[in-house]
Amino acid sequence: MSTLRSNSVWNVFPFICCFVFFLGAAVPLAESSTVGVSYISRLLEIQERERAPPSVQIDAAYGVLNRLIPSHASSFEFKIIDKKLCGGELCFKISNHPSSGRDGSSEILISGTTGVELSSGLHWYLKYCCGAHISWTKTGGAQLASIPNPGFLPRMQDAGILIKRPIPWSYYQNAVTSSYTFAWWNWERWEKEIDWMALQGINLPLAFTGQEAIWQKVFKNFNISSSDLDDFFGGPAFLAWSRMANLHGWGGPLPQSWLDQQLMLQKKILARMYQLGMTPVLPAFSGNVPAALKRVFPLAKITHLGNWFTVHGDPRWCCTYLLDATDPLFIEIGKAFVKQQLKEYGRSSHIYNCDTFDENTPPNDDPNFISSLGAAIFKGMQSGDDHAVWLMQGWLFSYDPFWKPPQMKALLHSVPVGKMVVLDLFAEAKPLWSSSEQFYGVPCMLHNFAGNIEMYGILDSVGSGPVEARTSENSTMVGVGMSMEGIEQNPIVYELMSEMAFQNGRVNVKKWVNLYVKRRYGRYVQSVQDAWTILYHTLYNCSDGSQDKNRDVIVAFPDVDPKSISIPQVTIDRGHQEYGIQIPRRNTLEKLTDSFYTPHLWYSTSDVIQALGLFLSGGDQLSEINTYRYDLIDLTRQALGKYANQLFLKIIEAYHSGVLPAVSEFSQEFLTLVDDMDKLLACDDGFLLGPWLESAKQLAQDEEQERQFEWNARTQITMWFDNTEEEASLLRDYGNKYWSGLLRDYYGPRAAIYFKFMKESLERNDGFQLLNWRREWIKLTNDWQSSRKLFPVTSTGSAFNVSKWVYEKYLKDPALHEIK
């Protein structure tokens, strides 16, 4: 990490400290006036009283600083201030240090109401006064070269700047992020993430790690043995869904060493969060119980839930058990779980997450039943913690048509006012707060499903939606949030959304993006700025209301007879005339067929390829910068993925026309493209399969656990859930990833099998053997999941050279990417 100042870099940020005023977020803000904040005022007072002492929070903030820029450890002084100095709100203030200018003295004083505010103030100063950028390591890491040496930090205006939170909470995580992203994290990785949270201003994170060890102790008191729980807990990569009563046993059983290890890790996580003044959200009892409970308590009201995406309702994995909330045992277990957490952790923030019926439909739509259900769930929490507040994800209201207004109202009004906070989980695309009588407390950005790698976002909505929700009539908003299913992609989206926790008015997103680009690369390069202008208006302007789930053909190959795939009048001209295939040009991509999940395309691919060309033209100045390399590979991958979709349609059209030579040539080009993409992705650590697999194995205590954990890791990103020899998982490719190693070793061979059966059917003229294709593909998958093959954990090759090579090979010719 270099802190040497380069004049050519520094000169692009001469007035950046003043720009925060232009954004309108750095002036004293009006007092929060939402109804929702008044509802939770009592809880906020309790949390303020129980927060770690100022000295502890200051030390924690210094820890963040020292891990980020140890060379500047003495350049900043942190000070905790009372909320009264901020009009009763959470805030931070950045000013010149009174001793600034003396040898060895601090230069900048950052005052804040909590350790999170101190860290956020540091980040704000580094962003807007030094032109620095902080991202996840996998997405390029931090760009800190633009920070001047100690003793030369930019001075503030005499009065400094004061940044208040217009709303008290900034929420982070989804119930499934714990599996899609965090499954294999150790303390070293968690420490980095908590630092990132603090710098981004996140103060309300989920804290789900290690809860299985708590459940083991709780259920023991209800005469449920550890062996009974082997069929209850999922494997390490599938715990999120066993917690939500979607499945049981899949990928398990959990070794005792795992349970103990994760509980120890959770205690470290919580300790650091509390030290920074965060409000971690603990889990609560939702009614999900092991099958053995029915044996131990035969008179208990226990419902056997329906099938959740298993192929044939296999009882080994599906159809979990739900204890009726009206049964007295429900409150008893709920209380015991909260009490056991308090005993293990020593304290709580009094906010508990519980998502009953997440993607499971309730057995009764009577509002009275729903109301009694909600009241019992809350009573279970409150019995263990007098100050308990229930936080729930609002996904069930979007996902399941069961939840009509009477049922929604019955659940949401089943607890006292101010005792339930609902996450409007997909508010950036489909906000519910605007159509649900203000039942919702935290508009969230869902953004991402399964941690898919896809350049996608709705930046304009992110930059305005939270403000609209907060200023709407009778607003019950109490925070903003990020509820993605997986992280470590699209850093621009997450930086803007986290900043909205401190924005009082709408953001001028175009100007914000221009500044982001300068910060991310540490210098101004015109062609790259122009490229990002295009990306802002295309990839990051998805305004069609559709959720994005990457279904590119490479990573989500169709399991259908190729004859059933209808062909739009599109694709690529090259080769059509040679083989006598007539495909008129047309600039629109239509839905292909009901049995083929068409990749979502909301922008002009030719525009994005133009942006890639501009991006490459800046490579001479930026190719050695990590953030540039990551973005270059990501953008090239994005363009190639869409090109591959069109190439696949060429193969299908040739098949429909019965032209075997064309099928052979185009399918070979597709397979070569997959190999070339693998070479591209191998050029950056953020796109490698190896780290995912190795991190899983590193948590194992012996060879048997290594095999189990690696199988979990491989399965989650391929077939995902159960399958038979002839029927693929209903969730196949849901967690798909564009990772080097995965393309060459799995996606390419899978496509090759499909193309083999296409060519054989033309040679024999007897139709595509779909069942045989499935058998071979599923065998390939199951063999791959059980394989122990090693994959690189560090990148190789030049990102710039390989990106330029594949661009010129596949994308540079405009005739090859007519589709829009």
# chains A, B, ... in the order shown; residues from 1 in each chain; ligands from 1

call {"tool": "residues_around", "arguments": {"residues": "A:Lys267", "least_positions_apart": "4", "cutoff": "7 Å", "atoms": "only C-alpha atoms", "output": "JSON, numbers by chain"}}
result
{"A": [263, 271, 345]}

call {"tool": "write_last_selection", "arguments": {"atoms": "all heavy atoms", "output": "PDB file, in the first residue's frame"}}
result
ATOM      1  N   LEU A 263     -19.608 -20.856  17.029  1.00  0.00           N
ATOM      2  CA  LEU A 263     -20.036 -20.108  18.209  1.00  0.00           C
ATOM      3  C   LEU A 263     -18.921 -19.197  18.704  1.00  0.00           C
ATOM      4  O   LEU A 263     -19.168 -18.040  19.077  1.00  0.00           O
ATOM      5  CB  LEU A 263     -20.464 -21.071  19.314  1.00  0.00           C
ATOM      6  CG  LEU A 263     -20.999 -20.424  20.598  1.00  0.00           C
ATOM      7  CD1 LEU A 263     -22.205 -19.533  20.313  1.00  0.00           C
ATOM      8  CD2 LEU A 263     -21.357 -21.494  21.632  1.00  0.00           C
ATOM      9  N   ALA A 271     -18.605  -9.051  19.673  1.00  0.00           N
ATOM     10  CA  ALA A 271     -17.774  -8.173  20.505  1.00  0.00           C
ATOM     11  C   ALA A 271     -17.292  -6.975  19.704  1.00  0.00           C
ATOM     12  O   ALA A 271     -17.359  -5.829  20.179  1.00  0.00           O
ATOM     13  CB  ALA A 271     -16.590  -8.955  21.069  1.00  0.00           C
ATOM     14  N   TYR A 345     -23.780 -14.681  25.053  1.00  0.00           N
ATOM     15  CA  TYR A 345     -23.172 -13.452  24.543  1.00  0.00           C
ATOM     16  C   TYR A 345     -23.064 -12.347  25.594  1.00  0.00           C
ATOM     17  O   TYR A 345     -22.368 -11.354  25.374  1.00  0.00           O
ATOM     18  CB  TYR A 345     -23.959 -12.931  23.333  1.00  0.00           C
ATOM     19  CG  TYR A 345     -24.159 -13.968  22.253  1.00  0.00           C
ATOM     20  CD1 TYR A 345     -25.358 -14.030  21.526  1.00  0.00           C
ATOM     21  CD2 TYR A 345     -23.170 -14.899  21.950  1.00  0.00           C
ATOM     22  CE1 TYR A 345     -25.545 -14.979  20.537  1.00  0.00           C
ATOM     23  CE2 TYR A 345     -23.358 -15.850  20.962  1.00  0.00           C
ATOM     24  CZ  TYR A 345     -24.551 -15.885  20.263  1.00  0.00           C
ATOM     25  OH  TYR A 345     -24.741 -16.831  19.277  1.00  0.00           O
TER      26      TYR A 345
END

call {"tool": "residues_around", "arguments": {"residues": "stretch 521-537 of chain A", "least_positions_apart": "2", "cutoff": "8 Å", "atoms": "only C-alpha atoms", "output": "ChimeraX atom specification"}}
result
/A:8-10,12,131-133,143-146,459,510,513-514,517-519,539-541,607-608,610-612,614-615,617-618,621-622,625,627-628

call {"tool": "closest_atom_pairs", "arguments": {"of": "stretch 356-431 of chain A", "to": "stretch 197-215 of chain A", "cutoff": "12 Å", "atoms": "only C-alpha atoms", "output": "Markdown table"}}
result
| residue | atom | partner | partner_atom | distance |
| --- | --- | --- | --- | --- |
| A:Leu391 | CA | A:Leu206 | CA | 10.1 |
| A:Met392 | CA | A:Leu206 | CA | 11.1 |
| A:Gln393 | CA | A:Leu206 | CA | 11.5 |
| A:Val421 | CA | A:Leu204 | CA | 11.9 |
| A:Leu423 | CA | A:Leu204 | CA | 11.9 |

call {"tool": "write_last_selection", "arguments": {"atoms": "N, CA and C atoms", "output": "PDB file, in the first residue's frame"}}
result
ATOM      1  N   LEU A 391     -37.739  -7.762  14.068  1.00  0.00           N
ATOM      2  CA  LEU A 391     -37.380  -7.309  12.720  1.00  0.00           C
ATOM      3  C   LEU A 391     -37.626  -8.459  11.761  1.00  0.00           C
ATOM      4  N   MET A 392     -38.384  -8.208  10.706  1.00  0.00           N
ATOM      5  CA  MET A 392     -38.676  -9.259   9.732  1.00  0.00           C
ATOM      6  C   MET A 392     -38.444  -8.774   8.313  1.00  0.00           C
ATOM      7  N   GLN A 393     -38.069  -9.722   7.449  1.00  0.00           N
ATOM      8  CA  GLN A 393     -37.927  -9.411   6.030  1.00  0.00           C
ATOM      9  C   GLN A 393     -39.314  -9.380   5.389  1.00  0.00           C
ATOM     10  N   VAL A 421     -40.267  -4.020  13.103  1.00  0.00           N
ATOM     11  CA  VAL A 421     -39.636  -3.301  12.001  1.00  0.00           C
ATOM     12  C   VAL A 421     -39.608  -4.242  10.808  1.00  0.00           C
ATOM     13  N   LEU A 423     -38.471  -4.966   6.834  1.00  0.00           N
ATOM     14  CA  LEU A 423     -37.554  -4.604   5.758  1.00  0.00           C
ATOM     15  C   LEU A 423     -38.296  -4.691   4.434  1.00  0.00           C
TER      16      LEU A 423
END

call {"tool": "residues_around", "arguments": {"residues": "A:Gln157", "least_positions_apart": "4", "cutoff": "8 Å", "atoms": "only C-alpha atoms", "output": "number ranges by chain"}}
result
A: 95-96, 161

call {"tool": "write_last_selection", "arguments": {"atoms": "C-alpha atoms", "output": "CSV table (one decimal), in the first residue's frame"}}
result
chain,number,residue,atom,x,y,z
A,95,SER,CA,-12.7,19.7,11.4
A,96,ASN,CA,-9.1,20.8,11.5
A,161,ILE,CA,-18.5,20.0,8.2

call {"tool": "atom_distance", "arguments": {"atom1": "atom CA of A:Leu396", "atom2": "atom CA of A:Thr356"}}
result
8.9 Å

call {"tool": "select_by_dssp", "arguments": {"residues": "stretch 314-468 of chain A", "states": "alpha helix (DSSP H)", "output": "PyMOL selection string"}}
result
chain A and resi 328-345+367-384+395-399+405-412+459-462+465-468

call {"tool": "residues_around", "arguments": {"residues": "stretch 377-382 of chain A", "least_positions_apart": "3", "cutoff": "7 Å", "atoms": "only C-alpha atoms", "output": "PyMOL selection string"}}
result
chain A and resi 284+286+325+331-332+334-335+338+373-374+385-388+390+415

call {"tool": "select_by_dssp", "arguments": {"residues": "stretch 247-467 of chain A", "states": "strand (DSSP E)", "output": "list in words"}}
result
Leu282, Pro283, Asn288, Val289, Ile302, Thr303, His304, Tyr321, Leu322, Leu323, Ile351, Tyr352, Asn353, Val389, Trp390, Leu391, Met392, Gln393, Met420, Val421, Val422, Leu423, Asp424, Val442, Pro443, Cys444 and Met445 of chain A

call {"tool": "residues_around", "arguments": {"residues": "A:Asp103", "least_positions_apart": "5", "cutoff": "12 Å", "atoms": "only C-alpha atoms", "output": "list of chain:residue names"}}
result
A:Ser74, A:Ser75, A:Pro150, A:Gly151, A:Phe152

call {"tool": "residues_around", "arguments": {"residues": "A:Ser225", "least_positions_apart": "2", "cutoff": "12 Å", "atoms": "only C-alpha atoms", "output": "ChimeraX atom specification"}}
result
/A:215-223,227-232,290-293,296

call {"tool": "decode", "arguments": {"residues": "stretch 744-760 of chain A", "atoms": "all heavy atoms", "output": "JSON list (two decimals), in the first residue's frame"}}
result
[["chain", "number", "residue", "atom", "x", "y", "z"],
["A", 744, "ARG", "N", -14.02, -23.56, -17.23],
["A", 744, "ARG", "CA", -13.24, -24.55, -17.97],
["A", 744, "ARG", "C", -13.56, -25.98, -17.51],
["A", 744, "ARG", "O", -13.59, -26.91, -18.33],
["A", 744, "ARG", "CB", -11.74, -24.28, -17.78],
["A", 744, "ARG", "CG", -10.83, -25.23, -18.56],
["A", 744, "ARG", "CD", -9.37, -24.96, -18.23],
["A", 744, "ARG", "NE", -9.00, -23.62, -18.65],
["A", 744, "ARG", "CZ", -8.57, -23.30, -19.88],
["A", 744, "ARG", "NH1", -8.48, -24.26, -20.79],
["A", 744, "ARG", "NH2", -8.22, -22.07, -20.18],
["A", 745, "ASP", "N", -13.83, -26.16, -16.24],
["A", 745, "ASP", "CA", -13.94, -27.50, -15.68],
["A", 745, "ASP", "C", -15.38, -28.01, -15.61],
["A", 745, "ASP", "O", -15.59, -29.22, -15.51],
["A", 745, "ASP", "CB", -13.34, -27.51, -14.27],
["A", 745, "ASP", "CG", -12.77, -28.86, -13.90],
["A", 745, "ASP", "OD1", -11.98, -29.40, -14.70],
["A", 745, "ASP", "OD2", -13.08, -29.37, -12.80],
["A", 746, "TYR", "N", -16.36, -27.09, -15.65],
["A", 746, "TYR", "CA", -17.75, -27.54, -15.51],
["A", 746, "TYR", "C", -18.67, -26.99, -16.60],
["A", 746, "TYR", "O", -19.31, -27.74, -17.33],
["A", 746, "TYR", "CB", -18.29, -27.16, -14.13],
["A", 746, "TYR", "CG", -19.74, -27.54, -13.94],
["A", 746, "TYR", "CD1", -20.12, -28.89, -13.84],
["A", 746, "TYR", "CD2", -20.74, -26.58, -13.89],
["A", 746, "TYR", "CE1", -21.44, -29.26, -13.69],
["A", 746, "TYR", "CE2", -22.08, -26.95, -13.74],
["A", 746, "TYR", "CZ", -22.42, -28.28, -13.65],
["A", 746, "TYR", "OH", -23.73, -28.64, -13.51],
["A", 747, "TYR", "N", -18.75, -25.66, -16.73],
["A", 747, "TYR", "CA", -19.69, -25.09, -17.70],
["A", 747, "TYR", "C", -19.34, -25.49, -19.15],
["A", 747, "TYR", "O", -20.24, -25.81, -19.93],
["A", 747, "TYR", "CB", -19.72, -23.57, -17.58],
["A", 747, "TYR", "CG", -20.33, -23.07, -16.30],
["A", 747, "TYR", "CD1", -19.78, -21.98, -15.63],
["A", 747, "TYR", "CD2", -21.45, -23.67, -15.74],
["A", 747, "TYR", "CE1", -20.32, -21.50, -14.45],
["A", 747, "TYR", "CE2", -22.00, -23.20, -14.56],
["A", 747, "TYR", "CZ", -21.43, -22.12, -13.92],
["A", 747, "TYR", "OH", -21.98, -21.65, -12.75],
["A", 748, "GLY", "N", -18.06, -25.47, -19.50],
["A", 748, "GLY", "CA", -17.66, -25.86, -20.84],
["A", 748, "GLY", "C", -17.98, -27.32, -21.14],
["A", 748, "GLY", "O", -18.65, -27.63, -22.15],
["A", 749, "PRO", "N", -17.55, -28.26, -20.28],
["A", 749, "PRO", "CA", -17.89, -29.66, -20.52],
["A", 749, "PRO", "C", -19.39, -29.93, -20.57],
["A", 749, "PRO", "O", -19.85, -30.78, -21.34],
["A", 749, "PRO", "CB", -17.23, -30.38, -19.33],
["A", 749, "PRO", "CG", -16.05, -29.52, -19.00],
["A", 749, "PRO", "CD", -16.54, -28.10, -19.21],
["A", 750, "ARG", "N", -20.16, -29.21, -19.76],
["A", 750, "ARG", "CA", -21.62, -29.39, -19.81],
["A", 750, "ARG", "C", -22.16, -28.98, -21.17],
["A", 750, "ARG", "O", -22.97, -29.71, -21.77],
["A", 750, "ARG", "CB", -22.28, -28.56, -18.71],
["A", 750, "ARG", "CG", -23.81, -28.62, -18.74],
["A", 750, "ARG", "CD", -24.45, -27.89, -17.59],
["A", 750, "ARG", "NE", -24.22, -26.46, -17.59],
["A", 750, "ARG", "CZ", -24.74, -25.62, -16.70],
["A", 750, "ARG", "NH1", -25.51, -26.08, -15.73],
["A", 750, "ARG", "NH2", -24.47, -24.33, -16.76],
["A", 751, "ALA", "N", -21.74, -27.84, -21.67],
["A", 751, "ALA", "CA", -22.20, -27.39, -22.99],
["A", 751, "ALA", "C", -21.76, -28.37, -24.07],
["A", 751, "ALA", "O", -22.50, -28.65, -25.03],
["A", 751, "ALA", "CB", -21.66, -25.99, -23.27],
["A", 752, "ALA", "N", -20.55, -28.91, -23.94],
["A", 752, "ALA", "CA", -20.04, -29.85, -24.94],
["A", 752, "ALA", "C", -20.92, -31.09, -25.04],
["A", 752, "ALA", "O", -21.14, -31.63, -26.14],
["A", 752, "ALA", "CB", -18.60, -30.23, -24.60],
["A", 753, "ILE", "N", -21.43, -31.57, -23.91],
["A", 753, "ILE", "CA", -22.32, -32.73, -23.92],
["A", 753, "ILE", "C", -23.60, -32.40, -24.70],
["A", 753, "ILE", "O", -24.08, -33.20, -25.53],
["A", 753, "ILE", "CB", -22.66, -33.16, -22.48],
["A", 753, "ILE", "CG1", -21.42, -33.67, -21.76],
["A", 753, "ILE", "CG2", -23.73, -34.26, -22.50],
["A", 753, "ILE", "CD1", -21.65, -33.92, -20.28],
["A", 754, "TYR", "N", -24.15, -31.23, -24.45],
["A", 754, "TYR", "CA", -25.38, -30.81, -25.13],
["A", 754, "TYR", "C", -25.15, -30.74, -26.63],
["A", 754, "TYR", "O", -25.96, -31.25, -27.43],
["A", 754, "TYR", "CB", -25.81, -29.46, -24.58],
["A", 754, "TYR", "CG", -27.22, -29.02, -24.96],
["A", 754, "TYR", "CD1", -28.32, -29.50, -24.28],
["A", 754, "TYR", "CD2", -27.42, -28.11, -25.98],
["A", 754, "TYR", "CE1", -29.61, -29.08, -24.59],
["A", 754, "TYR", "CE2", -28.71, -27.68, -26.31],
["A", 754, "TYR", "CZ", -29.79, -28.16, -25.61],
["A", 754, "TYR", "OH", -31.06, -27.74, -25.94],
["A", 755, "PHE", "N", -24.06, -30.12, -27.03],
["A", 755, "PHE", "CA", -23.77, -29.97, -28.46],
["A", 755, "PHE", "C", -23.52, -31.34, -29.10],
["A", 755, "PHE", "O", -23.88, -31.56, -30.26],
["A", 755, "PHE", "CB", -22.57, -29.05, -28.67],
["A", 755, "PHE", "CG", -22.78, -27.64, -28.18],
["A", 755, "PHE", "CD1", -21.73, -26.90, -27.66],
["A", 755, "PHE", "CD2", -24.04, -27.05, -28.24],
["A", 755, "PHE", "CE1", -21.91, -25.60, -27.22],
["A", 755, "PHE", "CE2", -24.24, -25.75, -27.79],
["A", 755, "PHE", "CZ", -23.18, -25.02, -27.27],
["A", 756, "LYS", "N", -22.92, -32.25, -28.36],
["A", 756, "LYS", "CA", -22.69, -33.60, -28.88],
["A", 756, "LYS", "C", -24.02, -34.27, -29.23],
["A", 756, "LYS", "O", -24.16, -34.87, -30.31],
["A", 756, "LYS", "CB", -21.95, -34.43, -27.84],
["A", 756, "LYS", "CG", -21.68, -35.88, -28.28],
["A", 756, "LYS", "CD", -21.19, -36.74, -27.13],
["A", 756, "LYS", "CE", -22.31, -37.09, -26.17],
["A", 756, "LYS", "NZ", -21.91, -38.12, -25.17],
["A", 757, "PHE", "N", -25.00, -34.15, -28.35],
["A", 757, "PHE", "CA", -26.30, -34.76, -28.62],
["A", 757, "PHE", "C", -27.02, -34.04, -29.76],
["A", 757, "PHE", "O", -27.77, -34.69, -30.51],
["A", 757, "PHE", "CB", -27.15, -34.77, -27.36],
["A", 757, "PHE", "CG", -26.85, -35.91, -26.43],
["A", 757, "PHE", "CD1", -26.01, -35.74, -25.34],
["A", 757, "PHE", "CD2", -27.37, -37.18, -26.66],
["A", 757, "PHE", "CE1", -25.71, -36.79, -24.48],
["A", 757, "PHE", "CE2", -27.09, -38.25, -25.82],
["A", 757, "PHE", "CZ", -26.24, -38.05, -24.73],
["A", 758, "MET", "N", -26.82, -32.74, -29.90],
["A", 758, "MET", "CA", -27.41, -32.03, -31.04],
["A", 758, "MET", "C", -26.86, -32.57, -32.35],
["A", 758, "MET", "O", -27.62, -32.86, -33.29],
["A", 758, "MET", "CB", -27.13, -30.53, -30.92],
["A", 758, "MET", "CG", -27.89, -29.82, -29.82],
["A", 758, "MET", "SD", -27.46, -28.06, -29.70],
["A", 758, "MET", "CE", -28.12, -27.44, -31.24],
["A", 759, "LYS", "N", -25.55, -32.72, -32.43],
["A", 759, "LYS", "CA", -24.93, -33.19, -33.68],
["A", 759, "LYS", "C", -25.31, -34.64, -33.97],
["A", 759, "LYS", "O", -25.58, -35.00, -35.13],
["A", 759, "LYS", "CB", -23.41, -33.03, -33.58],
["A", 759, "LYS", "CG", -22.95, -31.57, -33.65],
["A", 759, "LYS", "CD", -21.45, -31.40, -33.59],
["A", 759, "LYS", "CE", -20.91, -31.60, -32.20],
["A", 759, "LYS", "NZ", -19.46, -31.26, -32.11],
["A", 760, "GLU", "N", -25.35, -35.45, -32.93],
["A", 760, "GLU", "CA", -25.74, -36.85, -33.14],
["A", 760, "GLU", "C", -27.17, -36.97, -33.63],
["A", 760, "GLU", "O", -27.47, -37.82, -34.48],
["A", 760, "GLU", "CB", -25.56, -37.64, -31.83],
["A", 760, "GLU", "CG", -24.10, -37.89, -31.46],
["A", 760, "GLU", "CD", -23.97, -38.62, -30.14],
["A", 760, "GLU", "OE1", -25.01, -38.83, -29.46],
["A", 760, "GLU", "OE2", -22.84, -38.98, -29.77]]
